[in-house]
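As C-alpha cells, the structure follows; a few thoughts come after it.
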Amino acid sequence: MGCGNLFFTLVITFSAALITYNIIISANASLKQDFPDPTRKSASSFSLDPVIKMPTALSSSSQRSKKRLFHTAVTASDSIYNTWQCRVMYYWFKKQKNKPNSEMGGFTRILHSGHPDRFMDEIPTFVAQPLPDGMDQGYIVLNRPWAFVQWLQQAKIEEDYILMSEPDHILVKPIPNLSRDGLGAAFPFFYIEPKKYETVLRKFFPEENGPITNIDPIGNSPVIVGKDALKKIAPTWMNVSLAMKKDPEADKAFGWVLEMYAYAVASALHGVGNILYKEFMIQPPWDKTIGKAYIIHYTYGCDYDLQGKLTYGKIGEWRFDKRSYDNIWPPRNLTLPPPGVPESVIVRMQQSAVELSGSYILP
C-alpha cells in the first residue's frame, strides 16, 4: 500500500513537471515564419495568434537601480520625405543618448524598401522586405508591422526593451525607460476611441477577450515595450492590420490611423497593458510648451501670421509643414518663426535648423 502511494505521488509530480515544461516552451516559442497571406478573404476568416498573457515583472531595489536599456526603432521607406526626417531624428537621438537619466540604448532605422540606400553608413539600418505588390492597397503604413516582424526575427537586439518611434519625432530630452511591471509605456491619442468603435472592433477583439476598455487609446508609437512582449504582439499586429484593411467597415471607420488601432488591439489580445503618459510627447501647434515632454511630434502643419497668430486651415505668412518637402530636400536655411509663436514651435524649428543649416542633412 505504501509503495502504491509513493508510485502515485511520483507520477503526479512527473506529470506536473512535464506540463510546466511545455508551458514554458510554448510561451517562449519563436515568431511564426509565415509570410502575410494575400489570400485571406475578410475579417470573418481572420484567425488570432495564440494569446499568451504577459507575466507581471517583479520590482526590487536592485532592478530599479540597474539601467533598463531600450532599443529605439524607426520604420521608414527610402523616399526623400522619410529620409530627411530620419536623419534629423537620428541626429537628436545621438545628442540625447548619453545624457543623465537616459536609458537609451541602440538605434535602428528599419528600411522597408527591400534594398539598401546611400545612408546605411550614416544611420544604423536593417533592410526589410516590403509587402507583396498590391497588398498594402495604397496604404504604405501597412509595411510597418511586417517590417517589425522581420526585424524582430532576424536582427540581434541586445536590449530587453524597444522604443517604437517615428521619423517625424524630435527628441528634446534624454528618455528613461517609462515601462514598469510588465506594462508598456505609451502616449494616449485623443482620436483613438475604442469605445466609440466597439461594434467594429469586436470583429477583431471578441467579447471573450474582455471589455473593450482593455484596448488602450494608443498607436504603436511612441511605445516602450518589452522585447519579448513585442515579439508576440508583432505578428498579430500585422495580421490584424491586414484584416482591418480588407474589411470595408473597419477601413472606412479607421482610415489613416488603421494600423494604430491594429496595434492597440494586438497589444490587448496578448494581455499587454500600457501606462498612458500624456507628457511622453507634444504635438505643435496644439501643444504650446515643451514642459516635461521627451518628444516633439511635428505631424501637423504650423501656419502663423507675422504677428505670431495661428492661422490654422489657412496658409500663413510663415509656415512649416513637413508635407511641403515630400519629394524635395528641405532648404539649408529654414526661416525661423516670427515673435509670438509658442515655445514648442520655436524649439522644433531651432532643432530642425541645426541639421538643415549645414551640409550634414542634405545630399
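By convention in this document, the chains of the C-alpha cells carry letters A, B, ... by their order, each chain's residues are numbered from 1, and ligands are numbered from 1 in the order they are shown.
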Contacts between region 275-288 of chain A and region 112-190 of chain A, please, where a residue of region 112-190 of chain A counts if it comes within 9 Å (with only C-alpha atoms); show its shortest atom pair and distance in Å to one decimal, rows by chain and ascending number, as JSON lines.
{"residue": "A:His169", "atom": "CA", "partner": "A:Met281", "partner_atom": "CA", "distance": 8.9}
{"residue": "A:Leu178", "atom": "CA", "partner": "A:Ile275", "partner_atom": "CA", "distance": 8.3}
{"residue": "A:Ser179", "atom": "CA", "partner": "A:Ile275", "partner_atom": "CA", "distance": 7.1}
{"residue": "A:Arg180", "atom": "CA", "partner": "A:Ile275", "partner_atom": "CA", "distance": 8.0}
{"residue": "A:Leu183", "atom": "CA", "partner": "A:Ile275", "partner_atom": "CA", "distance": 6.4}
{"residue": "A:Gly184", "atom": "CA", "partner": "A:Ile275", "partner_atom": "CA", "distance": 6.0}
{"residue": "A:Ala185", "atom": "CA", "partner": "A:Ile275", "partner_atom": "CA", "distance": 4.8}
{"residue": "A:Ala186", "atom": "CA", "partner": "A:Leu276", "partner_atom": "CA", "distance": 5.2}
{"residue": "A:Phe187", "atom": "CA", "partner": "A:Tyr277", "partner_atom": "CA", "distance": 5.1}
{"residue": "A:Pro188", "atom": "CA", "partner": "A:Leu276", "partner_atom": "CA", "distance": 5.8}
{"residue": "A:Phe189", "atom": "CA", "partner": "A:Lys278", "partner_atom": "CA", "distance": 8.6}
I need the residues from that last selection saved to file as a compact mmCIF listing (two decimals), in the first residue's frame (with N, CA and C atoms), if you can.
# COMPACT_ATOMS: atom_id res chain seq x y z
N HIS A 169 9.76 62.47 -35.26
CA HIS A 169 9.94 62.72 -33.84
C HIS A 169 11.27 63.43 -33.62
N LEU A 178 10.24 54.21 -19.38
CA LEU A 178 8.99 54.54 -18.69
C LEU A 178 8.10 53.33 -18.45
N SER A 179 8.45 52.19 -19.03
CA SER A 179 7.63 50.98 -18.81
C SER A 179 7.90 50.44 -17.41
N ARG A 180 6.90 49.81 -16.83
CA ARG A 180 7.01 49.28 -15.47
C ARG A 180 6.15 48.03 -15.29
N LEU A 183 4.11 46.27 -17.91
CA LEU A 183 3.27 47.14 -18.73
C LEU A 183 4.13 47.94 -19.69
N GLY A 184 3.60 48.20 -20.89
CA GLY A 184 4.27 49.10 -21.79
C GLY A 184 4.04 50.54 -21.35
N ALA A 185 4.73 51.46 -22.00
CA ALA A 185 4.53 52.90 -21.77
C ALA A 185 4.17 53.51 -23.11
N ALA A 186 3.06 54.25 -23.17
CA ALA A 186 2.57 54.73 -24.45
C ALA A 186 1.93 56.11 -24.31
N PHE A 187 1.90 56.82 -25.43
CA PHE A 187 1.22 58.11 -25.49
C PHE A 187 -0.24 57.89 -25.87
N PRO A 188 -1.19 58.49 -25.13
CA PRO A 188 -2.61 58.34 -25.47
C PRO A 188 -3.03 59.35 -26.54
N PHE A 189 -3.60 58.86 -27.63
CA PHE A 189 -4.08 59.72 -28.70
C PHE A 189 -5.58 59.97 -28.54
- Just the helix (DSSP H, G or I) stuff from region 40-280 of chain A, please, per backbone DSSP, written as a PyMOL selection string. chain A and resi 43-45+61-65+80-97+140-154+198-201+207-209+212-214+227-246+248-269+278-280
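The residue that comes closest to Tyr139 (chain A), out of A:Lys309, A:Lys195, A:Lys173, A:Lys246 and on the basis of only C-alpha atoms, is A:Lys246.
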